[in-house]
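This report refers to the structure that appears directly beneath it.
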Amino acid sequence: MGLSTHVLDTMHGCPAAGMEVALYTTDGEAATLVRRFTLNHDGRSDGPLYDNSSLKVGTYRLVFDVAGYFAARGVELPQPNFLNRVALDFGVAHTDQHYHVPLLVSPWSYSTYRGS
């Protein structure tokens, strides 16, 4: 399956449909944009970000537009908001395995883990 992501809005108890996300490859401090996408009704991309044949060993970054998402949902956010964007840097060591990167997020907190 390659690489996938899923975002759950813990403030409203639902998938983060409509959140903007960017995927980068990284090399030290340098980051190269691979693609931008919007999460679907289930809080997921419409397909894998990489399938097994195109996923490479290396480092990656997912950047989630948290403030934009909650503002679009009508949440009154302080300025500046506590969380603007959440950037998750992670490594892929085994391209024969699935890497799922979920994000559980509110305007004030987030958590992640390597899912299956």
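Letters A, B, ... go to the chains of the structure tokens in the order shown; residues in each chain start at 1; ligands are counted from 1 in the same order.
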What's the 12 Å shell around Gly115 in chain A, counting only C-alpha atoms, without same-chain residues fewer than 5 positions away, as a PDB file with C-alpha atoms, in the first residue's frame?
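Output saved as out_21.pdb:
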ATOM      1  CA  LEU A   3       2.270   5.669   2.251  1.00  0.00           C
ATOM      2  CA  SER A   4      -1.059   7.039   3.463  1.00  0.00           C
ATOM      3  CA  THR A   5      -2.435   9.529   5.990  1.00  0.00           C
ATOM      4  CA  HIS A   6      -5.671  10.108   7.877  1.00  0.00           C
ATOM      5  CA  VAL A   7      -6.666  13.072  10.035  1.00  0.00           C
ATOM      6  CA  GLN A  97       5.814  -2.290   4.414  1.00  0.00           C
ATOM      7  CA  HIS A  98       2.864   0.075   4.636  1.00  0.00           C
ATOM      8  CA  TYR A  99       3.498   3.421   6.314  1.00  0.00           C
ATOM      9  CA  HIS A 100       0.305   5.044   7.582  1.00  0.00           C
ATOM     10  CA  VAL A 101       0.727   8.435   9.279  1.00  0.00           C
ATOM     11  CA  PRO A 102      -2.450   9.411  11.158  1.00  0.00           C
ATOM     12  CA  LEU A 103      -2.921  12.753  12.879  1.00  0.00           C
ATOM     13  CA  LEU A 104      -5.371  13.395  15.706  1.00  0.00           C
TER      14      LEU A 104
END
Next on the checklist: Among chain A, which ones does DSSP assign to alpha helix (DSSP H) (computed from the backbone)? Answer as number ranges by chain.
Outcome noted: A: 66-72
Item to check | Which residue of A:Gly74, A:Gly13, A:Gly2, A:Pro80 approaches Leu49 in chain A most closely, using only C-alpha atoms | outcome: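 Distance minimum relative to Leu49 in chain A lands on A:Gly2.
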Item to check | Those in chain A with strand (DSSP E or B) from DSSP, as number ranges by chain | outcome: A: 3-9, 14-15, 20-27, 30-38, 44, 50, 58-65, 85-92, 99-105, 110-112, 115
Checklist outcome for this item: note - CA of Asn40 in chain A and CA of Met19 in chain A are separated by 8.3 Å
Item to check | Nearest-residue call for Leu83 in chain A, choices A:Gly58, A:Val66, A:Asp9, A:Ser53, using only C-alpha atoms | outcome: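 Among the listed residues, the smallest separation from Leu83 in chain A belongs to A:Val66.
Computed from the coordinates, the CA of Tyr113 in chain A to CA of His12 in chain A distance equals 20.4 Å.
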Checklist outcome for this item: Separating CA of Thr26 in chain A from CA of Thr95 in chain A, to the nearest tenth of an Å, is a gap of 16.4 Å
